>>> print(open('coords.csv').read())   # CSV, C-alpha atoms
chain,number,residue,atom,x,y,z
A,1,MET,CA,-33.7,27.5,2.3
A,2,LEU,CA,-30.7,29.4,1.1
A,3,ARG,CA,-28.5,30.6,3.9
A,4,SER,CA,-27.3,34.1,4.3
A,5,VAL,CA,-23.6,34.7,5.2
A,6,ASP,CA,-22.2,38.0,6.5
A,7,ILE,CA,-18.6,38.7,7.1
A,8,ARG,CA,-17.4,41.6,9.2
A,9,VAL,CA,-13.8,42.7,10.2
A,10,GLU,CA,-13.7,44.5,13.6
A,11,CYS,CA,-11.0,46.3,15.5
A,12,TRP,CA,-10.9,46.2,19.3
A,13,PRO,CA,-8.4,48.3,21.3
A,14,LEU,CA,-6.6,46.8,24.3
A,15,ARG,CA,-6.5,48.3,27.7
A,16,ALA,CA,-2.7,48.1,27.8
A,17,PRO,CA,0.1,47.0,25.4
A,18,PHE,CA,0.3,43.2,25.2
A,19,ARG,CA,3.9,42.1,24.7
A,20,ILE,CA,5.1,38.6,23.8
A,21,ALA,CA,8.3,37.3,22.2
A,22,ARG,CA,7.0,38.1,18.7
A,23,GLY,CA,6.0,41.7,19.3
A,24,THR,CA,3.6,44.1,20.9
A,25,ARG,CA,-0.1,44.6,20.3
A,26,THR,CA,-2.3,47.7,21.2
A,27,ASP,CA,-5.4,46.4,19.5
A,28,ILE,CA,-6.7,43.3,17.8
A,29,ALA,CA,-8.6,42.6,14.6
A,30,VAL,CA,-11.2,39.9,14.6
A,31,VAL,CA,-13.4,38.4,11.8
A,32,VAL,CA,-17.0,37.8,12.6
A,33,VAL,CA,-19.2,35.4,10.6
A,34,THR,CA,-23.0,35.5,10.8
A,35,ILE,CA,-24.9,32.6,9.2
A,36,GLY,CA,-28.7,32.9,8.9
A,37,GLU,CA,-31.5,30.5,8.0
A,38,GLY,CA,-34.7,32.5,8.0
A,39,SER,CA,-35.1,34.2,11.4
A,40,VAL,CA,-32.4,32.0,13.0
A,41,VAL,CA,-28.9,33.4,13.1
A,42,GLY,CA,-25.6,31.9,14.4
A,43,ARG,CA,-22.4,33.9,15.1
A,44,GLY,CA,-18.8,33.0,15.3
A,45,GLU,CA,-15.5,34.9,15.6
A,46,GLY,CA,-11.9,34.2,14.6
A,47,THR,CA,-8.7,36.1,15.4
A,48,PRO,CA,-6.2,36.2,12.5
A,49,SER,CA,-2.6,35.4,13.5
A,50,ALA,CA,0.4,36.8,11.7
A,51,ARG,CA,2.4,33.8,13.2
A,52,TYR,CA,0.4,31.6,10.8
A,53,GLY,CA,0.5,33.9,7.8
A,54,GLU,CA,-3.0,35.2,8.4
A,55,THR,CA,-4.3,38.8,8.0
A,56,PRO,CA,-7.9,40.0,8.4
A,57,GLU,CA,-8.1,40.3,4.6
A,58,SER,CA,-6.8,36.8,3.9
A,59,VAL,CA,-9.2,35.4,6.5
A,60,ARG,CA,-12.1,37.3,5.0
A,61,LEU,CA,-11.2,36.0,1.5
A,62,GLN,CA,-11.0,32.4,2.8
A,63,ILE,CA,-14.5,32.8,4.3
A,64,GLU,CA,-15.8,34.4,1.1
A,65,ALA,CA,-14.6,31.4,-0.9
A,66,ALA,CA,-16.6,29.1,1.4
A,67,ILE,CA,-19.9,31.0,1.0
A,68,PRO,CA,-21.3,28.9,-1.9
A,69,ALA,CA,-20.8,25.7,0.1
A,70,LEU,CA,-22.3,27.3,3.2
A,71,GLN,CA,-25.3,28.6,1.3
A,72,ALA,CA,-25.8,25.0,0.0
A,73,GLY,CA,-25.9,23.6,3.5
A,74,CYS,CA,-22.3,22.7,4.4
A,75,ASP,CA,-22.2,21.4,7.9
A,76,ARG,CA,-19.4,21.2,10.5
A,77,ALA,CA,-18.2,17.8,9.4
A,78,ALA,CA,-18.0,18.8,5.8
A,79,LEU,CA,-16.3,22.1,6.8
A,80,ARG,CA,-13.3,20.1,8.1
A,81,THR,CA,-12.5,18.8,4.6
A,82,LEU,CA,-13.5,22.0,2.8
A,83,MET,CA,-11.1,24.4,4.7
A,84,PRO,CA,-7.7,24.0,6.4
A,85,PRO,CA,-7.4,24.7,10.1
A,86,GLY,CA,-7.1,28.3,11.1
A,87,SER,CA,-9.2,31.3,12.2
A,88,ALA,CA,-11.4,31.4,9.1
A,89,ARG,CA,-12.6,27.9,9.7
A,90,ASN,CA,-12.9,28.6,13.4
A,91,ALA,CA,-15.3,31.6,12.8
A,92,ILE,CA,-17.5,29.5,10.5
A,93,ASP,CA,-17.5,26.4,12.8
A,94,ALA,CA,-18.5,28.6,15.7
A,95,ALA,CA,-21.3,30.2,13.7
A,96,LEU,CA,-22.6,26.7,12.7
A,97,TRP,CA,-22.5,25.5,16.3
A,98,ASP,CA,-24.6,28.5,17.3
A,99,LEU,CA,-27.0,28.1,14.4
A,100,GLU,CA,-27.5,24.4,15.2
A,101,ALA,CA,-28.2,25.1,18.8
A,102,ARG,CA,-30.7,27.9,18.1
A,103,HIS,CA,-32.5,25.8,15.4
A,104,ALA,CA,-32.9,22.9,17.8
A,105,ARG,CA,-33.9,25.4,20.5
A,106,ASN,CA,-31.3,23.8,22.7
A,107,THR,CA,-30.8,25.2,26.2
A,108,ALA,CA,-27.2,26.4,26.5
A,109,PRO,CA,-25.3,24.1,28.9
A,110,VAL,CA,-24.8,25.4,32.4
A,111,LEU,CA,-21.0,26.0,32.6
A,112,PRO,CA,-19.3,26.3,35.9
A,113,PRO,CA,-17.0,29.3,36.6
A,114,LEU,CA,-13.5,28.4,35.6
A,115,THR,CA,-10.1,29.5,36.9
A,116,SER,CA,-8.2,31.1,34.0
A,117,ALA,CA,-4.6,32.2,33.9
A,118,GLN,CA,-4.0,35.9,33.9
A,119,THR,CA,-1.1,37.2,31.9
A,120,VAL,CA,2.0,39.2,32.7
A,121,SER,CA,3.4,40.4,29.4
A,122,ILE,CA,7.1,41.0,28.6
A,123,ASP,CA,8.7,44.1,30.0
A,124,ARG,CA,11.7,45.0,32.2
A,125,PRO,CA,11.9,42.8,35.3
A,126,GLU,CA,10.9,45.6,37.6
A,127,ALA,CA,7.9,46.5,35.4
A,128,MET,CA,6.9,42.8,35.3
A,129,ALA,CA,7.1,42.7,39.1
A,130,ARG,CA,4.7,45.6,39.3
A,131,ALA,CA,2.3,44.1,36.9
A,132,ALA,CA,2.4,40.8,38.8
A,133,HIS,CA,1.7,42.6,42.1
A,134,LYS,CA,-1.5,43.9,40.6
A,135,LEU,CA,-2.5,40.2,40.1
A,136,ALA,CA,-2.0,39.3,43.8
A,137,ARG,CA,-5.4,37.7,44.0
A,138,ALA,CA,-5.0,35.6,40.9
A,139,ARG,CA,-4.8,31.8,41.4
A,140,LEU,CA,-2.9,31.1,38.1
A,141,VAL,CA,-0.6,33.5,36.3
A,142,LYS,CA,1.1,33.1,32.9
A,143,VAL,CA,4.4,34.9,32.5
A,144,LYS,CA,5.4,35.8,28.9
A,145,VAL,CA,9.2,35.8,28.4
A,146,ASP,CA,11.7,35.9,25.5
A,147,ALA,CA,15.4,35.1,25.4
A,148,ALA,CA,16.4,38.4,27.0
A,149,ASP,CA,17.2,37.4,30.6
A,150,PRO,CA,14.2,35.3,31.4
A,151,GLU,CA,15.6,34.3,34.7
A,152,ALA,CA,15.6,37.9,36.0
A,153,CYS,CA,12.0,38.4,34.7
A,154,LEU,CA,10.8,35.2,36.4
A,155,ARG,CA,12.5,35.9,39.7
A,156,ALA,CA,10.9,39.3,39.7
A,157,VAL,CA,7.4,37.9,39.1
A,158,ARG,CA,7.9,35.2,41.7
A,159,CYS,CA,9.0,37.7,44.3
A,160,SER,CA,5.7,39.6,43.7
A,161,LEU,CA,3.6,36.3,43.7
A,162,PRO,CA,5.3,33.9,46.1
A,163,ASP,CA,2.4,31.5,46.4
A,164,THR,CA,0.7,31.8,43.0
A,165,THR,CA,0.8,29.0,40.5
A,166,LEU,CA,2.9,30.2,37.6
A,167,ILE,CA,3.0,29.1,33.9
A,168,VAL,CA,5.9,30.3,31.7
A,169,ASP,CA,5.3,31.0,27.9
A,170,ALA,CA,8.4,31.5,25.8
A,171,ASN,CA,6.5,31.6,22.4
A,172,GLU,CA,9.3,29.8,20.6
A,173,ALA,CA,11.9,32.3,21.6
A,174,TRP,CA,14.4,30.0,23.4
A,175,THR,CA,17.4,28.0,22.1
A,176,MET,CA,18.2,24.5,23.3
A,177,PRO,CA,21.2,25.8,25.4
A,178,LEU,CA,19.0,28.4,27.1
A,179,LEU,CA,16.3,25.8,27.7
A,180,VAL,CA,18.8,23.5,29.4
A,181,ALA,CA,20.3,26.4,31.4
A,182,MET,CA,16.8,27.4,32.6
A,183,GLN,CA,15.8,23.9,33.9
A,184,PRO,CA,17.1,24.4,37.5
A,185,VAL,CA,15.7,27.9,37.6
A,186,LEU,CA,12.3,26.7,36.6
A,187,ALA,CA,12.4,24.0,39.2
A,188,GLU,CA,13.6,26.3,41.9
A,189,LEU,CA,10.8,28.8,41.2
A,190,GLY,CA,8.2,26.1,41.2
A,191,ILE,CA,7.0,26.7,37.7
A,192,ALA,CA,4.0,24.5,36.9
A,193,LEU,CA,4.3,24.4,33.2
A,194,LEU,CA,6.5,25.7,30.4
A,195,GLU,CA,4.9,26.5,27.1
A,196,GLN,CA,6.6,26.1,23.7
A,197,PRO,CA,10.2,27.0,24.6
A,198,LEU,CA,11.7,26.0,21.1
A,199,PRO,CA,10.5,27.0,17.7
A,200,ALA,CA,7.9,24.7,16.1
A,201,GLY,CA,9.8,22.2,14.0
A,202,GLN,CA,12.6,21.8,16.5
A,203,ASP,CA,10.6,19.6,18.8
A,204,GLY,CA,12.9,16.6,18.2
A,205,ALA,CA,15.5,18.2,20.4
A,206,LEU,CA,13.3,17.7,23.4
A,207,ALA,CA,13.8,14.0,23.2
A,208,ASP,CA,17.3,14.5,24.7
A,209,LEU,CA,16.1,16.9,27.5
A,210,THR,CA,15.7,15.9,31.1
A,211,ALA,CA,12.9,18.3,31.8
A,212,GLN,CA,12.5,19.4,35.4
A,213,VAL,CA,9.0,20.9,34.7
A,214,PRO,CA,6.3,19.8,32.3
A,215,ILE,CA,6.6,21.2,28.8
A,216,CYS,CA,3.5,22.1,26.8
A,217,ALA,CA,3.2,22.2,23.0
A,218,ASP,CA,1.5,25.3,21.7
A,219,GLU,CA,2.6,26.5,18.3
A,220,SER,CA,3.6,22.9,17.5
A,221,CYS,CA,0.1,21.5,18.1
A,222,HIS,CA,-2.8,22.4,15.9
A,223,VAL,CA,-5.0,19.3,15.2
A,224,ALA,CA,-5.6,15.8,16.3
A,225,ALA,CA,-3.2,14.4,13.7
A,226,ASP,CA,-0.3,16.2,15.4
A,227,ILE,CA,-0.5,14.1,18.5
A,228,PRO,CA,1.5,11.0,17.4
A,229,ARG,CA,4.4,13.3,16.5
A,230,LEU,CA,4.3,15.2,19.8
A,231,ARG,CA,3.9,12.2,22.1
A,232,GLY,CA,7.1,11.5,24.1
A,233,LEU,CA,8.3,15.1,23.5
A,234,TYR,CA,5.7,17.1,25.4
A,235,ARG,CA,3.6,16.3,28.4
A,236,PHE,CA,0.8,18.8,27.6
A,237,VAL,CA,-0.8,20.4,24.6
A,238,ASN,CA,-2.4,23.8,24.3
A,239,ILE,CA,-5.7,23.7,22.4
A,240,LYS,CA,-6.7,26.9,20.8
A,241,LEU,CA,-9.7,27.1,18.5
A,242,ASP,CA,-8.0,29.5,16.1
A,243,LYS,CA,-5.3,26.9,15.6
A,244,THR,CA,-7.6,23.9,15.4
A,245,GLY,CA,-10.1,25.6,13.1
A,246,GLY,CA,-13.0,25.4,15.5
A,247,LEU,CA,-14.5,23.6,18.4
A,248,THR,CA,-15.3,20.5,16.2
A,249,GLU,CA,-11.6,19.8,15.6
A,250,ALA,CA,-10.7,20.9,19.1
A,251,LEU,CA,-12.9,18.1,20.6
A,252,ALA,CA,-11.1,15.6,18.4
A,253,LEU,CA,-7.7,17.0,19.5
A,254,TYR,CA,-8.8,16.8,23.1
A,255,ASP,CA,-9.8,13.1,22.8
A,256,ALA,CA,-6.5,12.3,20.9
A,257,ALA,CA,-4.4,14.0,23.6
A,258,ARG,CA,-6.1,12.2,26.4
A,259,ALA,CA,-5.8,8.9,24.6
A,260,ALA,CA,-2.1,9.5,24.3
A,261,GLY,CA,-1.8,10.3,28.0
A,262,LEU,CA,-1.1,14.0,27.5
A,263,GLY,CA,-2.4,16.8,29.7
A,264,VAL,CA,-4.5,19.6,28.2
A,265,MET,CA,-4.5,23.3,28.4
A,266,VAL,CA,-7.2,25.3,26.7
A,267,GLY,CA,-5.9,28.7,25.6
A,268,CYS,CA,-6.9,31.5,23.3
A,269,MET,CA,-5.8,34.3,21.1
A,270,LEU,CA,-6.7,37.8,22.1
A,271,ALA,CA,-10.4,37.8,21.3
A,272,THR,CA,-13.8,39.1,22.4
A,273,SER,CA,-16.1,36.9,24.4
A,274,LEU,CA,-17.6,35.7,21.2
A,275,GLY,CA,-14.3,34.1,20.3
A,276,ILE,CA,-13.9,32.6,23.8
A,277,ALA,CA,-17.5,31.2,24.4
A,278,PRO,CA,-17.0,28.1,22.3
A,279,ALA,CA,-13.7,27.3,24.0
A,280,LEU,CA,-15.5,27.2,27.4
A,281,ARG,CA,-17.3,24.0,26.3
A,282,ILE,CA,-13.9,22.2,26.4
A,283,ALA,CA,-12.1,24.3,29.0
A,284,ALA,CA,-14.2,22.8,31.7
A,285,ARG,CA,-12.4,19.5,31.1
A,286,ALA,CA,-8.8,20.9,30.9
A,287,ASP,CA,-6.0,20.7,33.4
A,288,PHE,CA,-5.1,24.4,32.8
A,289,VAL,CA,-7.2,27.2,31.3
A,290,ASP,CA,-6.0,30.4,29.8
A,291,VAL,CA,-8.9,32.3,28.3
A,292,ASP,CA,-8.3,35.8,29.6
A,293,GLY,CA,-8.3,37.3,26.1
A,294,PRO,CA,-11.3,39.5,26.7
A,295,TRP,CA,-9.8,40.9,29.9
A,296,TRP,CA,-7.2,42.7,27.8
A,297,LEU,CA,-9.9,44.6,25.8
A,298,LEU,CA,-10.7,48.2,26.6
A,299,GLU,CA,-14.3,47.1,26.2
A,300,ASP,CA,-15.9,43.7,25.4
A,301,ARG,CA,-19.2,42.6,23.8
A,302,SER,CA,-22.3,43.2,25.8
A,303,GLY,CA,-23.3,40.0,27.7
A,304,GLY,CA,-19.9,38.5,27.4
A,305,LEU,CA,-17.8,36.6,30.0
A,306,ARG,CA,-16.3,38.3,33.1
A,307,VAL,CA,-12.8,37.7,34.5
A,308,LEU,CA,-12.8,38.4,38.2
A,309,ASP,CA,-9.7,39.6,40.1
A,310,ASP,CA,-8.8,36.1,41.2
A,311,GLY,CA,-8.9,34.8,37.6
A,312,VAL,CA,-12.3,33.1,37.9
A,313,VAL,CA,-14.1,33.3,34.6
A,314,VAL,CA,-17.9,33.8,34.8
A,315,PRO,CA,-19.5,32.5,31.6
A,316,PRO,CA,-21.4,34.8,29.2
A,317,GLN,CA,-25.0,35.6,29.8
A,318,PRO,CA,-27.7,33.1,28.6
A,319,GLY,CA,-28.3,33.4,24.9
A,320,PHE,CA,-24.9,34.9,24.2
A,321,TRP,CA,-23.7,32.0,22.1
A,322,GLY,CA,-24.6,28.3,21.6
A,323,GLY,CA,-28.1,28.2,22.9
A,324,ILE,CA,-31.3,30.1,23.7
A,325,ALA,CA,-31.4,29.9,27.5
>>> encode(input="coords.csv", output="structure tokens")
Amino acid sequence: MLRSVDIRVECWPLRAPFRIARGTRTDIAVVVVTIGEGSVVGRGEGTPSARYGETPESVRLQIEAAIPALQAGCDRAALRTLMPPGSARNAIDAALWDLEARHARNTAPVLPPLTSAQTVSIDRPEAMARAAHKLARARLVKVKVDAADPEACLRAVRCSLPDTTLIVDANEAWTMPLLVAMQPVLAELGIALLEQPLPAGQDGALADLTAQVPICADESCHVAADIPRLRGLYRFVNIKLDKTGGLTEALALYDAARAAGLGVMVGCMLATSLGIAPALRIAARADFVDVDGPWWLLEDRSGGLRVLDDGVVVPPQPGFWGGIA
């Protein structure tokens, strides 16, 4: 049976500006792939990232190029050699997972509620303090910073959240001298994890750092083959499906990281619940979870996950993705 393949680019407005070291977003574009076999349909979503040279149009064209192989029956294993990692492969991989589960009439696994980080985006210290205060019930908060006085920003957030577990994400914005200077500050403020302080490609400098808090590779870590290079430089890796090119590779990356003795965070791009649902399969086994992407949307897909005030993520309704229950 010849498969049908549909590609759709969607725009979703955010409830508030989302600021990181690379810029500010007020909406997101996602690419949705629907693969059908008869009456059975699977869906997947990818979020294009300018950081990795992606645009909605380039991702759409990548998926279009794969349509003949998909129509001929390309499976998830073959997809890993057909396409490079990225959001295009992620969308297709997720759609294939969903299609397989529905064909097999698998019951979707019962996933426990997870505690996700909630994010304070970059702003003036006093504005970040106010934003943090609104997250007073959160158990885990991620603080976005750049190189513009991160100490003042972190102290402001910590003042508003004296007992909350904090993660800091610099998104490649720091230099090595700044990273060294921030070590005692991070330790004093009880920061649990520091994500990607240096630009990807400058990881080697970390070999000479006496880190006072664990450092996590994000932009430097995409697939399982990256782990040997990162071992000894980082203590954690951040697994995002739009980087790995789907849940299939993400599971391989998880196994490689654990085998190397590394901790695991499961993160996300800004996405709807359709983009997050596959990640929940692996997030349940992670040390840290950061899947609050849909919380930033003005409105999410019907039946999607819910992020409660304390950061607990309630999985999507049965049948939303990955099974028929």
>>> closest_residue(input="coords.csv", among="A:Ile7, A:Lys243, A:Ala29, A:Arg43", to="A:Leu61", atoms="all atoms listed in the file")
A:Ile7
>>> closest_residue(input="coords.csv", among="A:Ala108, A:Ser58, A:Ala88, A:Arg155", to="A:Glu126", atoms="only C-alpha atoms")
A:Arg155
>>> closest_residue(input="coords.csv", among="A:Gly204, A:Ile215, A:Val314, A:Ala250", to="A:Arg229", atoms="only C-alpha atoms")
A:Gly204
>>> residues_around(input="coords.csv", residues="A:His103", least_positions_apart="4", cutoff="9 Å", atoms="all atoms listed in the file", output="MDAnalysis selection string")
chainID A and resid 37 40:41 98:99
>>> closest_atom_pairs(input="coords.csv", of="stretch 191-292 of chain A", to="stretch 158-173 of chain A", cutoff="12 Å", atoms="all atoms listed in the file", output="JSON lines")
{"residue": "A:Ile191", "atom": "CA", "partner": "A:Leu166", "partner_atom": "CA", "distance": 5.4}
{"residue": "A:Ala192", "atom": "CA", "partner": "A:Ile167", "partner_atom": "CA", "distance": 5.6}
{"residue": "A:Leu193", "atom": "CA", "partner": "A:Ile167", "partner_atom": "CA", "distance": 4.9}
{"residue": "A:Leu194", "atom": "CA", "partner": "A:Val168", "partner_atom": "CA", "distance": 4.8}
{"residue": "A:Glu195", "atom": "CA", "partner": "A:Asp169", "partner_atom": "CA", "distance": 4.6}
{"residue": "A:Gln196", "atom": "CA", "partner": "A:Glu172", "partner_atom": "CA", "distance": 5.5}
{"residue": "A:Pro197", "atom": "CA", "partner": "A:Glu172", "partner_atom": "CA", "distance": 5.0}
{"residue": "A:Leu198", "atom": "CA", "partner": "A:Glu172", "partner_atom": "CA", "distance": 4.5}
{"residue": "A:Pro199", "atom": "CA", "partner": "A:Glu172", "partner_atom": "CA", "distance": 4.2}
{"residue": "A:Ala200", "atom": "CA", "partner": "A:Glu172", "partner_atom": "CA", "distance": 6.9}
{"residue": "A:Gly201", "atom": "CA", "partner": "A:Glu172", "partner_atom": "CA", "distance": 10.1}
{"residue": "A:Gln202", "atom": "CA", "partner": "A:Glu172", "partner_atom": "CA", "distance": 9.6}
{"residue": "A:Asp203", "atom": "CA", "partner": "A:Glu172", "partner_atom": "CA", "distance": 10.4}
{"residue": "A:Val213", "atom": "CA", "partner": "A:Ile167", "partner_atom": "CA", "distance": 10.2}
{"residue": "A:Pro214", "atom": "CA", "partner": "A:Ile167", "partner_atom": "CA", "distance": 10.0}
{"residue": "A:Ile215", "atom": "CA", "partner": "A:Val168", "partner_atom": "CA", "distance": 9.6}
{"residue": "A:Cys216", "atom": "CA", "partner": "A:Asp169", "partner_atom": "CA", "distance": 9.1}
{"residue": "A:Ala217", "atom": "CA", "partner": "A:Asn171", "partner_atom": "CA", "distance": 10.0}
{"residue": "A:Asp218", "atom": "CA", "partner": "A:Asn171", "partner_atom": "CA", "distance": 8.1}
{"residue": "A:Glu219", "atom": "CA", "partner": "A:Asn171", "partner_atom": "CA", "distance": 7.6}
{"residue": "A:Ser220", "atom": "CA", "partner": "A:Glu172", "partner_atom": "CA", "distance": 9.5}
{"residue": "A:Asn238", "atom": "CA", "partner": "A:Asp169", "partner_atom": "CA", "distance": 11.1}
{"residue": "A:Met265", "atom": "CA", "partner": "A:Ile167", "partner_atom": "CA", "distance": 11.0}
{"residue": "A:Gly267", "atom": "CA", "partner": "A:Asp169", "partner_atom": "CA", "distance": 11.7}
{"residue": "A:Phe288", "atom": "CA", "partner": "A:Ile167", "partner_atom": "CA", "distance": 9.4}
{"residue": "A:Val289", "atom": "CA", "partner": "A:Ile167", "partner_atom": "CA", "distance": 10.7}
{"residue": "A:Asp290", "atom": "CA", "partner": "A:Ile167", "partner_atom": "CA", "distance": 10.0}
>>> write_last_selection(input="coords.csv", atoms="C-alpha atoms", output="short mmCIF file (atom, residue, chain, number, x, y, z; two decimals), in the frame of the given file")
data_model
loop_
_atom_site.label_atom_id
_atom_site.label_comp_id
_atom_site.auth_asym_id
_atom_site.auth_seq_id
_atom_site.Cartn_x
_atom_site.Cartn_y
_atom_site.Cartn_z
CA ILE A 191 7.00 26.70 37.70
CA ALA A 192 4.00 24.50 36.90
CA LEU A 193 4.30 24.40 33.20
CA LEU A 194 6.50 25.70 30.40
CA GLU A 195 4.90 26.50 27.10
CA GLN A 196 6.60 26.10 23.70
CA PRO A 197 10.20 27.00 24.60
CA LEU A 198 11.70 26.00 21.10
CA PRO A 199 10.50 27.00 17.70
CA ALA A 200 7.90 24.70 16.10
CA GLY A 201 9.80 22.20 14.00
CA GLN A 202 12.60 21.80 16.50
CA ASP A 203 10.60 19.60 18.80
CA VAL A 213 9.00 20.90 34.70
CA PRO A 214 6.30 19.80 32.30
CA ILE A 215 6.60 21.20 28.80
CA CYS A 216 3.50 22.10 26.80
CA ALA A 217 3.20 22.20 23.00
CA ASP A 218 1.50 25.30 21.70
CA GLU A 219 2.60 26.50 18.30
CA SER A 220 3.60 22.90 17.50
CA ASN A 238 -2.40 23.80 24.30
CA MET A 265 -4.50 23.30 28.40
CA GLY A 267 -5.90 28.70 25.60
CA PHE A 288 -5.10 24.40 32.80
CA VAL A 289 -7.20 27.20 31.30
CA ASP A 290 -6.00 30.40 29.80
#
>>> residues_around(input="coords.csv", residues="A:Leu14", least_positions_apart="3", cutoff="6 Å", atoms="only C-alpha atoms", output="MDAnalysis selection string")
chainID A and resid 26:27 296:298
>>> atom_distance(input="coords.csv", atom1="atom CA of A:Thr244", atom2="atom CA of A:Gly44")
14.4 Å
>>> atom_distance(input="coords.csv", atom1="atom CA of A:Asp300", atom2="atom CA of A:Arg139")
22.8 Å
>>> atom_distance(input="coords.csv", atom1="atom CA of A:Thr47", atom2="atom CA of A:Ala127")
28.0 Å
>>> residues_near_point(input="coords.csv", point="(5.9, 36.5, 23.0)", cutoff="7 Å", atoms="all atoms listed in the file", output="ChimeraX atom specification")
/A:19-23,144-146,170-171
>>> write_last_selection(input="coords.csv", atoms="C-alpha atoms", output="short mmCIF file (atom, residue, chain, number, x, y, z; two decimals), in the coordinates of the input")
data_model
loop_
_atom_site.label_atom_id
_atom_site.label_comp_id
_atom_site.auth_asym_id
_atom_site.auth_seq_id
_atom_site.Cartn_x
_atom_site.Cartn_y
_atom_site.Cartn_z
CA ARG A 19 3.90 42.10 24.70
CA ILE A 20 5.10 38.60 23.80
CA ALA A 21 8.30 37.30 22.20
CA ARG A 22 7.00 38.10 18.70
CA GLY A 23 6.00 41.70 19.30
CA LYS A 144 5.40 35.80 28.90
CA VAL A 145 9.20 35.80 28.40
CA ASP A 146 11.70 35.90 25.50
CA ALA A 170 8.40 31.50 25.80
CA ASN A 171 6.50 31.60 22.40
#
>>> decode(input="coords.csv", residues="stretch 60-65 of chain A", atoms="all heavy atoms", output="PDB file, in the first residue's frame")
ATOM      1  N   ARG A  60      10.855  21.881   5.205  1.00  0.00           N
ATOM      2  CA  ARG A  60       9.802  21.346   4.325  1.00  0.00           C
ATOM      3  C   ARG A  60      10.414  20.691   3.087  1.00  0.00           C
ATOM      4  O   ARG A  60      10.000  19.594   2.677  1.00  0.00           O
ATOM      5  CB  ARG A  60       8.842  22.458   3.916  1.00  0.00           C
ATOM      6  CG  ARG A  60       7.646  21.979   3.084  1.00  0.00           C
ATOM      7  CD  ARG A  60       6.801  23.141   2.607  1.00  0.00           C
ATOM      8  NE  ARG A  60       7.528  23.974   1.664  1.00  0.00           N
ATOM      9  CZ  ARG A  60       7.696  23.679   0.377  1.00  0.00           C
ATOM     10  NH1 ARG A  60       7.210  22.542  -0.119  1.00  0.00           N
ATOM     11  NH2 ARG A  60       8.381  24.480  -0.411  1.00  0.00           N
ATOM     12  N   LEU A  61      11.418  21.331   2.513  1.00  0.00           N
ATOM     13  CA  LEU A  61      12.058  20.777   1.324  1.00  0.00           C
ATOM     14  C   LEU A  61      12.796  19.470   1.637  1.00  0.00           C
ATOM     15  O   LEU A  61      12.792  18.536   0.814  1.00  0.00           O
ATOM     16  CB  LEU A  61      13.024  21.802   0.728  1.00  0.00           C
ATOM     17  CG  LEU A  61      12.368  23.023   0.073  1.00  0.00           C
ATOM     18  CD1 LEU A  61      13.436  24.043  -0.335  1.00  0.00           C
ATOM     19  CD2 LEU A  61      11.527  22.617  -1.131  1.00  0.00           C
ATOM     20  N   GLN A  62      13.423  19.390   2.812  1.00  0.00           N
ATOM     21  CA  GLN A  62      14.072  18.144   3.220  1.00  0.00           C
ATOM     22  C   GLN A  62      13.062  17.007   3.297  1.00  0.00           C
ATOM     23  O   GLN A  62      13.327  15.881   2.860  1.00  0.00           O
ATOM     24  CB  GLN A  62      14.734  18.313   4.582  1.00  0.00           C
ATOM     25  CG  GLN A  62      16.149  18.841   4.578  1.00  0.00           C
ATOM     26  CD  GLN A  62      16.744  18.750   5.969  1.00  0.00           C
ATOM     27  OE1 GLN A  62      16.409  19.536   6.856  1.00  0.00           O
ATOM     28  NE2 GLN A  62      17.616  17.791   6.168  1.00  0.00           N
ATOM     29  N   ILE A  63      11.918  17.306   3.881  1.00  0.00           N
ATOM     30  CA  ILE A  63      10.887  16.275   4.027  1.00  0.00           C
ATOM     31  C   ILE A  63      10.333  15.891   2.655  1.00  0.00           C
ATOM     32  O   ILE A  63      10.113  14.701   2.372  1.00  0.00           O
ATOM     33  CB  ILE A  63       9.774  16.764   4.966  1.00  0.00           C
ATOM     34  CG1 ILE A  63      10.349  16.999   6.372  1.00  0.00           C
ATOM     35  CG2 ILE A  63       8.637  15.744   5.027  1.00  0.00           C
ATOM     36  CD1 ILE A  63       9.409  17.725   7.313  1.00  0.00           C
ATOM     37  N   GLU A  64      10.124  16.869   1.805  1.00  0.00           N
ATOM     38  CA  GLU A  64       9.632  16.575   0.454  1.00  0.00           C
ATOM     39  C   GLU A  64      10.570  15.622  -0.276  1.00  0.00           C
ATOM     40  O   GLU A  64      10.124  14.708  -0.980  1.00  0.00           O
ATOM     41  CB  GLU A  64       9.475  17.867  -0.342  1.00  0.00           C
ATOM     42  CG  GLU A  64       8.199  18.627  -0.064  1.00  0.00           C
ATOM     43  CD  GLU A  64       7.995  19.772  -1.040  1.00  0.00           C
ATOM     44  OE1 GLU A  64       8.916  20.033  -1.852  1.00  0.00           O
ATOM     45  OE2 GLU A  64       6.920  20.398  -0.994  1.00  0.00           O
ATOM     46  N   ALA A  65      11.877  15.837  -0.112  1.00  0.00           N
ATOM     47  CA  ALA A  65      12.857  14.989  -0.784  1.00  0.00           C
ATOM     48  C   ALA A  65      12.782  13.541  -0.302  1.00  0.00           C
ATOM     49  O   ALA A  65      13.172  12.615  -1.037  1.00  0.00           O
ATOM     50  CB  ALA A  65      14.261  15.539  -0.576  1.00  0.00           C
TER      51      ALA A  65
END
